[in-house]
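Okay, coords.cif now, which holds mmCIF, N, CA and C atoms:
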data_final
loop_
_atom_site.label_atom_id
_atom_site.label_comp_id
_atom_site.auth_asym_id
_atom_site.auth_seq_id
_atom_site.Cartn_x
_atom_site.Cartn_y
_atom_site.Cartn_z
N MET J 363 -5.55 6.69 5.74
CA MET J 363 -5.20 5.68 6.70
C MET J 363 -4.94 4.35 6.01
N ASP J 364 -5.66 4.04 4.95
CA ASP J 364 -5.44 2.78 4.25
C ASP J 364 -4.03 2.69 3.69
N LEU J 365 -3.47 3.81 3.27
CA LEU J 365 -2.09 3.80 2.77
C LEU J 365 -1.12 3.39 3.87
N ASN J 366 -1.36 3.85 5.08
CA ASN J 366 -0.51 3.45 6.19
C ASN J 366 -0.66 1.97 6.51
N HIS J 367 -1.87 1.45 6.42
CA HIS J 367 -2.07 0.02 6.65
C HIS J 367 -1.33 -0.80 5.59
N LEU J 368 -1.39 -0.35 4.36
CA LEU J 368 -0.66 -1.04 3.29
C LEU J 368 0.85 -0.93 3.50
N ALA J 369 1.31 0.23 3.92
CA ALA J 369 2.74 0.40 4.19
C ALA J 369 3.19 -0.57 5.28
N ASN J 370 2.38 -0.72 6.31
CA ASN J 370 2.70 -1.66 7.38
C ASN J 370 2.74 -3.10 6.84
N HIS J 371 1.78 -3.44 5.99
CA HIS J 371 1.74 -4.78 5.38
C HIS J 371 3.03 -5.05 4.60
N PHE J 372 3.43 -4.10 3.76
CA PHE J 372 4.62 -4.31 2.94
C PHE J 372 5.90 -4.26 3.75
N PHE J 373 5.87 -3.61 4.92
CA PHE J 373 7.03 -3.65 5.80
C PHE J 373 7.33 -5.10 6.21
N PHE J 374 6.29 -5.83 6.55
CA PHE J 374 6.48 -7.22 6.97
C PHE J 374 6.74 -8.15 5.80
N LYS J 375 6.52 -7.67 4.59
CA LYS J 375 6.89 -8.42 3.38
C LYS J 375 8.30 -8.05 2.93
N ASN J 376 8.97 -7.17 3.68
CA ASN J 376 10.33 -6.70 3.38
C ASN J 376 10.43 -5.95 2.06
N ASP J 377 9.34 -5.30 1.65
CA ASP J 377 9.34 -4.49 0.43
C ASP J 377 9.41 -3.02 0.86
N TYR J 378 10.61 -2.58 1.18
CA TYR J 378 10.79 -1.25 1.78
C TYR J 378 10.60 -0.12 0.78
N THR J 379 10.82 -0.38 -0.49
CA THR J 379 10.55 0.63 -1.52
C THR J 379 9.06 0.94 -1.54
N CYS J 380 8.26 -0.10 -1.50
CA CYS J 380 6.81 0.08 -1.49
C CYS J 380 6.36 0.77 -0.20
N VAL J 381 6.96 0.41 0.91
CA VAL J 381 6.65 1.05 2.19
C VAL J 381 6.89 2.55 2.08
N ARG J 382 8.05 2.92 1.55
CA ARG J 382 8.38 4.35 1.44
C ARG J 382 7.40 5.08 0.53
N GLN J 383 7.04 4.47 -0.59
CA GLN J 383 6.10 5.12 -1.51
C GLN J 383 4.74 5.32 -0.87
N LEU J 384 4.21 4.27 -0.26
CA LEU J 384 2.88 4.35 0.36
C LEU J 384 2.87 5.33 1.53
N ALA J 385 3.88 5.24 2.37
CA ALA J 385 3.94 6.12 3.54
C ALA J 385 4.10 7.58 3.13
N MET J 386 4.88 7.83 2.10
CA MET J 386 5.07 9.20 1.62
C MET J 386 3.76 9.76 1.08
N HIS J 387 2.99 8.93 0.37
CA HIS J 387 1.68 9.37 -0.11
C HIS J 387 0.75 9.66 1.07
N ALA J 388 0.78 8.80 2.08
CA ALA J 388 -0.05 9.02 3.27
C ALA J 388 0.34 10.32 3.96
N LEU J 389 1.63 10.57 4.04
CA LEU J 389 2.14 11.78 4.70
C LEU J 389 1.74 13.04 3.94
N ASN J 390 1.81 12.99 2.64
CA ASN J 390 1.61 14.19 1.83
C ASN J 390 0.16 14.47 1.43
N ASN J 391 -0.73 13.49 1.63
CA ASN J 391 -2.09 13.66 1.13
C ASN J 391 -3.14 13.81 2.22
N THR J 392 -2.73 14.28 3.39
CA THR J 392 -3.69 14.53 4.46
C THR J 392 -3.20 15.68 5.34
N GLU J 393 -4.13 16.27 6.03
CA GLU J 393 -3.81 17.30 7.02
C GLU J 393 -3.89 16.74 8.44
N ASN J 394 -4.37 15.51 8.58
CA ASN J 394 -4.55 14.89 9.88
C ASN J 394 -3.19 14.54 10.49
N GLY J 395 -2.90 15.12 11.64
CA GLY J 395 -1.59 14.93 12.28
C GLY J 395 -1.28 13.49 12.63
N ALA J 396 -2.28 12.76 13.12
CA ALA J 396 -2.06 11.36 13.50
C ALA J 396 -1.73 10.50 12.29
N VAL J 397 -2.41 10.73 11.19
CA VAL J 397 -2.15 9.96 9.97
C VAL J 397 -0.78 10.33 9.41
N ARG J 398 -0.45 11.61 9.44
CA ARG J 398 0.87 12.04 8.98
C ARG J 398 1.98 11.46 9.86
N ALA J 399 1.76 11.44 11.16
CA ALA J 399 2.75 10.87 12.08
C ALA J 399 2.97 9.39 11.81
N GLU J 400 1.89 8.67 11.55
CA GLU J 400 2.03 7.25 11.25
C GLU J 400 2.80 7.04 9.95
N GLY J 401 2.56 7.89 8.96
CA GLY J 401 3.32 7.82 7.72
C GLY J 401 4.81 8.04 7.97
N CYS J 402 5.12 9.02 8.81
CA CYS J 402 6.52 9.27 9.18
C CYS J 402 7.12 8.06 9.88
N TYR J 403 6.34 7.45 10.75
CA TYR J 403 6.82 6.27 11.47
C TYR J 403 7.15 5.13 10.51
N HIS J 404 6.29 4.90 9.53
CA HIS J 404 6.56 3.83 8.56
C HIS J 404 7.79 4.16 7.71
N LEU J 405 7.93 5.41 7.33
CA LEU J 405 9.14 5.82 6.60
C LEU J 405 10.38 5.58 7.45
N ALA J 406 10.31 5.97 8.71
CA ALA J 406 11.45 5.79 9.61
C ALA J 406 11.82 4.33 9.76
N ARG J 407 10.82 3.47 9.94
CA ARG J 407 11.12 2.04 10.09
C ARG J 407 11.79 1.48 8.85
N ALA J 408 11.32 1.89 7.67
CA ALA J 408 11.92 1.39 6.43
C ALA J 408 13.37 1.84 6.33
N TYR J 409 13.63 3.11 6.60
CA TYR J 409 15.01 3.60 6.56
C TYR J 409 15.87 2.94 7.64
N HIS J 410 15.28 2.71 8.79
CA HIS J 410 16.01 2.09 9.90
C HIS J 410 16.48 0.68 9.51
N VAL J 411 15.57 -0.11 8.95
CA VAL J 411 15.91 -1.48 8.54
C VAL J 411 16.99 -1.47 7.46
N GLU J 412 16.95 -0.47 6.60
CA GLU J 412 17.94 -0.37 5.52
C GLU J 412 19.23 0.32 5.98
N ARG J 413 19.30 0.62 7.28
CA ARG J 413 20.48 1.21 7.91
C ARG J 413 20.81 2.62 7.44
N ASP J 414 19.80 3.33 6.97
CA ASP J 414 19.95 4.76 6.68
C ASP J 414 19.48 5.49 7.93
N TYR J 415 20.35 5.53 8.92
CA TYR J 415 19.97 5.99 10.25
C TYR J 415 19.66 7.48 10.31
N GLU J 416 20.29 8.27 9.48
CA GLU J 416 19.99 9.71 9.49
C GLU J 416 18.57 9.98 9.03
N GLU J 417 18.17 9.33 7.93
CA GLU J 417 16.79 9.50 7.45
C GLU J 417 15.80 8.91 8.44
N ALA J 418 16.15 7.77 9.01
CA ALA J 418 15.26 7.14 10.01
C ALA J 418 15.03 8.10 11.17
N PHE J 419 16.10 8.66 11.70
CA PHE J 419 15.98 9.58 12.82
C PHE J 419 15.13 10.79 12.44
N ARG J 420 15.35 11.30 11.24
CA ARG J 420 14.60 12.47 10.78
C ARG J 420 13.10 12.20 10.80
N TYR J 421 12.67 11.03 10.32
CA TYR J 421 11.24 10.72 10.28
C TYR J 421 10.70 10.31 11.64
N TYR J 422 11.50 9.61 12.45
CA TYR J 422 11.05 9.33 13.82
C TYR J 422 10.80 10.65 14.55
N TYR J 423 11.74 11.57 14.41
CA TYR J 423 11.64 12.86 15.09
C TYR J 423 10.43 13.64 14.59
N GLN J 424 10.18 13.62 13.29
CA GLN J 424 9.03 14.33 12.73
C GLN J 424 7.73 13.73 13.26
N ALA J 425 7.70 12.42 13.42
CA ALA J 425 6.49 11.77 13.97
C ALA J 425 6.19 12.27 15.37
N THR J 426 7.23 12.51 16.17
CA THR J 426 7.00 12.99 17.54
C THR J 426 6.39 14.39 17.54
N HIS J 427 6.69 15.18 16.54
CA HIS J 427 6.13 16.53 16.48
C HIS J 427 4.71 16.54 15.92
N LEU J 428 4.41 15.59 15.07
CA LEU J 428 3.07 15.52 14.49
C LEU J 428 2.06 14.91 15.45
N ALA J 429 2.52 14.03 16.32
CA ALA J 429 1.63 13.38 17.29
C ALA J 429 2.35 13.32 18.63
N ALA J 430 2.51 14.48 19.23
CA ALA J 430 3.28 14.60 20.48
C ALA J 430 2.70 13.76 21.61
N GLU J 431 1.40 13.49 21.55
CA GLU J 431 0.77 12.72 22.63
C GLU J 431 1.05 11.22 22.53
N ASN J 432 1.60 10.77 21.41
CA ASN J 432 1.86 9.34 21.22
C ASN J 432 3.25 9.00 21.73
N SER J 433 3.32 8.40 22.89
CA SER J 433 4.61 8.10 23.51
C SER J 433 5.41 7.06 22.74
N PHE J 434 4.74 6.25 21.92
CA PHE J 434 5.46 5.24 21.15
C PHE J 434 6.45 5.89 20.20
N TYR J 435 6.08 7.00 19.59
CA TYR J 435 6.99 7.69 18.68
C TYR J 435 8.19 8.25 19.44
N HIS J 436 7.96 8.73 20.65
CA HIS J 436 9.06 9.23 21.48
C HIS J 436 10.01 8.09 21.84
N TYR J 437 9.44 6.93 22.15
CA TYR J 437 10.26 5.76 22.45
C TYR J 437 11.12 5.40 21.25
N SER J 438 10.56 5.48 20.05
CA SER J 438 11.31 5.15 18.83
C SER J 438 12.49 6.09 18.64
N VAL J 439 12.30 7.37 18.90
CA VAL J 439 13.40 8.33 18.80
C VAL J 439 14.46 8.02 19.84
N LEU J 440 14.05 7.76 21.06
CA LEU J 440 15.00 7.43 22.12
C LEU J 440 15.79 6.17 21.78
N ASP J 441 15.10 5.15 21.30
CA ASP J 441 15.75 3.90 20.91
C ASP J 441 16.79 4.16 19.82
N LYS J 442 16.44 4.98 18.85
CA LYS J 442 17.36 5.30 17.76
C LYS J 442 18.57 6.06 18.29
N CYS J 443 18.35 6.98 19.21
CA CYS J 443 19.46 7.75 19.79
C CYS J 443 20.42 6.84 20.54
N ILE J 444 19.88 5.92 21.31
CA ILE J 444 20.74 4.99 22.04
C ILE J 444 21.49 4.10 21.07
N TYR J 445 20.79 3.60 20.06
CA TYR J 445 21.41 2.70 19.09
C TYR J 445 22.53 3.39 18.33
N SER J 446 22.33 4.66 18.00
CA SER J 446 23.35 5.39 17.24
C SER J 446 24.39 6.04 18.15
N GLU J 447 24.25 5.80 19.46
CA GLU J 447 25.19 6.29 20.47
C GLU J 447 25.19 7.81 20.60
N LYS J 448 24.06 8.46 20.23
CA LYS J 448 23.94 9.89 20.46
C LYS J 448 23.78 10.15 21.95
N ILE J 449 23.16 9.20 22.64
CA ILE J 449 23.12 9.26 24.10
C ILE J 449 23.46 7.87 24.62
N GLN J 450 23.97 7.82 25.81
CA GLN J 450 24.38 6.54 26.39
C GLN J 450 23.23 5.95 27.20
N PRO J 451 23.01 4.62 27.09
CA PRO J 451 21.98 4.00 27.93
C PRO J 451 22.42 4.02 29.39
N LEU J 452 21.47 3.91 30.29
CA LEU J 452 21.78 3.91 31.72
C LEU J 452 22.50 2.65 32.12
#

In structure tokens, write the structure found in this file.
Amino acid sequence: MDLNHLANHFFFKNDYTCVRQLAMHALNNTENGAVRAEGCYHLARAYHVERDYEEAFRYYYQATHLAAENSFYHYSVLDKCIYSEKIQPL
């Protein structure tokens, strides 16, 4: 969990390389679904800010499967779909 907190910290410092490294370690070094989902979310945000929308979508989507009960991750996927025009807003 500390790796995810650090990833979040470096996200706001605009150090996306560090975010990706920390989040990937968090994702790969635990079996806990919630921690893995948060790692995916941080990876997705970093890719999203860097405009790598395919990778961002991939990690947002993975987060929804790792923590299906967390509606925030579902919102992130929906927001990405609307932004990329995969679906049209109402």

Test item: residues at most 7 Å from Gly401 (chain J), all atoms listed in the file, excluding those fewer than 2 positions along its chain, as a ChimeraX atom specification | /J:366,384-386,388-389,396-399,403-406

Atom-to-atom span, atom C of Gly395 (chain J) and atom N of Ala429 (chain J), Å |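 Between these atoms lies a distance of 5.3 Å.
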
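Atom pair atom N of Arg420 (chain J) / atom C of Gln383 (chain J) has a distance of 17.2 Å (rounded to one decimal).
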
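You will find CA of Arg382 (chain J) at 6.8 Å from CA of Ala408 (chain J).
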
Could you give me, as a VMD selection string, the residues within 7 Å of Tyr421 (chain J), counting only C-alpha atoms and dropping anything in the same chain fewer than 2 positions from it?
-> chain J and resid 402 to 403 405 to 406 417 to 419 423 to 425

Using the chain letters and numbers from the file, give me the residues hit by the PyMOL selection byres (((chain J and resi 371 and name CA) around 12) and name CA), as a list in words.
->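 With the PyMOL selection byres (((chain J and resi 371 and name CA) around 12) and name CA) on this model, the match is Asp364, Leu365, Asn366, His367, Leu368, Ala369, Asn370, Phe372, Phe373, Phe374, Lys375, Asn376, Asp377, Tyr378, Cys380, Val381, Arg382, Leu384, Ala385, His404 and Ala408 of chain J.
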
Take the residues that were just selected and, keeping N, CA and C atoms, output them as a PDB file, in the coordinates of the input.
ATOM      1  N   ASP J 364      -5.660   4.040   4.950  1.00  0.00           N
ATOM      2  CA  ASP J 364      -5.440   2.780   4.250  1.00  0.00           C
ATOM      3  C   ASP J 364      -4.030   2.690   3.690  1.00  0.00           C
ATOM      4  N   LEU J 365      -3.470   3.810   3.270  1.00  0.00           N
ATOM      5  CA  LEU J 365      -2.090   3.800   2.770  1.00  0.00           C
ATOM      6  C   LEU J 365      -1.120   3.390   3.870  1.00  0.00           C
ATOM      7  N   ASN J 366      -1.360   3.850   5.080  1.00  0.00           N
ATOM      8  CA  ASN J 366      -0.510   3.450   6.190  1.00  0.00           C
ATOM      9  C   ASN J 366      -0.660   1.970   6.510  1.00  0.00           C
ATOM     10  N   HIS J 367      -1.870   1.450   6.420  1.00  0.00           N
ATOM     11  CA  HIS J 367      -2.070   0.020   6.650  1.00  0.00           C
ATOM     12  C   HIS J 367      -1.330  -0.800   5.590  1.00  0.00           C
ATOM     13  N   LEU J 368      -1.390  -0.350   4.360  1.00  0.00           N
ATOM     14  CA  LEU J 368      -0.660  -1.040   3.290  1.00  0.00           C
ATOM     15  C   LEU J 368       0.850  -0.930   3.500  1.00  0.00           C
ATOM     16  N   ALA J 369       1.310   0.230   3.920  1.00  0.00           N
ATOM     17  CA  ALA J 369       2.740   0.400   4.190  1.00  0.00           C
ATOM     18  C   ALA J 369       3.190  -0.570   5.280  1.00  0.00           C
ATOM     19  N   ASN J 370       2.380  -0.720   6.310  1.00  0.00           N
ATOM     20  CA  ASN J 370       2.700  -1.660   7.380  1.00  0.00           C
ATOM     21  C   ASN J 370       2.740  -3.100   6.840  1.00  0.00           C
ATOM     22  N   PHE J 372       3.430  -4.100   3.760  1.00  0.00           N
ATOM     23  CA  PHE J 372       4.620  -4.310   2.940  1.00  0.00           C
ATOM     24  C   PHE J 372       5.900  -4.260   3.750  1.00  0.00           C
ATOM     25  N   PHE J 373       5.870  -3.610   4.920  1.00  0.00           N
ATOM     26  CA  PHE J 373       7.030  -3.650   5.800  1.00  0.00           C
ATOM     27  C   PHE J 373       7.330  -5.100   6.210  1.00  0.00           C
ATOM     28  N   PHE J 374       6.290  -5.830   6.550  1.00  0.00           N
ATOM     29  CA  PHE J 374       6.480  -7.220   6.970  1.00  0.00           C
ATOM     30  C   PHE J 374       6.740  -8.150   5.800  1.00  0.00           C
ATOM     31  N   LYS J 375       6.520  -7.670   4.590  1.00  0.00           N
ATOM     32  CA  LYS J 375       6.890  -8.420   3.380  1.00  0.00           C
ATOM     33  C   LYS J 375       8.300  -8.050   2.930  1.00  0.00           C
ATOM     34  N   ASN J 376       8.970  -7.170   3.680  1.00  0.00           N
ATOM     35  CA  ASN J 376      10.330  -6.700   3.380  1.00  0.00           C
ATOM     36  C   ASN J 376      10.430  -5.950   2.060  1.00  0.00           C
ATOM     37  N   ASP J 377       9.340  -5.300   1.650  1.00  0.00           N
ATOM     38  CA  ASP J 377       9.340  -4.490   0.430  1.00  0.00           C
ATOM     39  C   ASP J 377       9.410  -3.020   0.860  1.00  0.00           C
ATOM     40  N   TYR J 378      10.610  -2.580   1.180  1.00  0.00           N
ATOM     41  CA  TYR J 378      10.790  -1.250   1.780  1.00  0.00           C
ATOM     42  C   TYR J 378      10.600  -0.120   0.780  1.00  0.00           C
ATOM     43  N   CYS J 380       8.260  -0.100  -1.500  1.00  0.00           N
ATOM     44  CA  CYS J 380       6.810   0.080  -1.490  1.00  0.00           C
ATOM     45  C   CYS J 380       6.360   0.770  -0.200  1.00  0.00           C
ATOM     46  N   VAL J 381       6.960   0.410   0.910  1.00  0.00           N
ATOM     47  CA  VAL J 381       6.650   1.050   2.190  1.00  0.00           C
ATOM     48  C   VAL J 381       6.890   2.550   2.080  1.00  0.00           C
ATOM     49  N   ARG J 382       8.050   2.920   1.550  1.00  0.00           N
ATOM     50  CA  ARG J 382       8.380   4.350   1.440  1.00  0.00           C
ATOM     51  C   ARG J 382       7.400   5.080   0.530  1.00  0.00           C
ATOM     52  N   LEU J 384       4.210   4.270  -0.260  1.00  0.00           N
ATOM     53  CA  LEU J 384       2.880   4.350   0.360  1.00  0.00           C
ATOM     54  C   LEU J 384       2.870   5.330   1.530  1.00  0.00           C
ATOM     55  N   ALA J 385       3.880   5.240   2.370  1.00  0.00           N
ATOM     56  CA  ALA J 385       3.940   6.120   3.540  1.00  0.00           C
ATOM     57  C   ALA J 385       4.100   7.580   3.130  1.00  0.00           C
ATOM     58  N   HIS J 404       6.290   4.900   9.530  1.00  0.00           N
ATOM     59  CA  HIS J 404       6.560   3.830   8.560  1.00  0.00           C
ATOM     60  C   HIS J 404       7.790   4.160   7.710  1.00  0.00           C
ATOM     61  N   ALA J 408      11.320   1.890   7.670  1.00  0.00           N
ATOM     62  CA  ALA J 408      11.920   1.390   6.430  1.00  0.00           C
ATOM     63  C   ALA J 408      13.370   1.840   6.330  1.00  0.00           C
TER      64      ALA J 408
END

Can you list, as a count of residues only, every residue of region 366-434 of chain J that DSSP puts in helix (DSSP H, G or I)?
-> 55
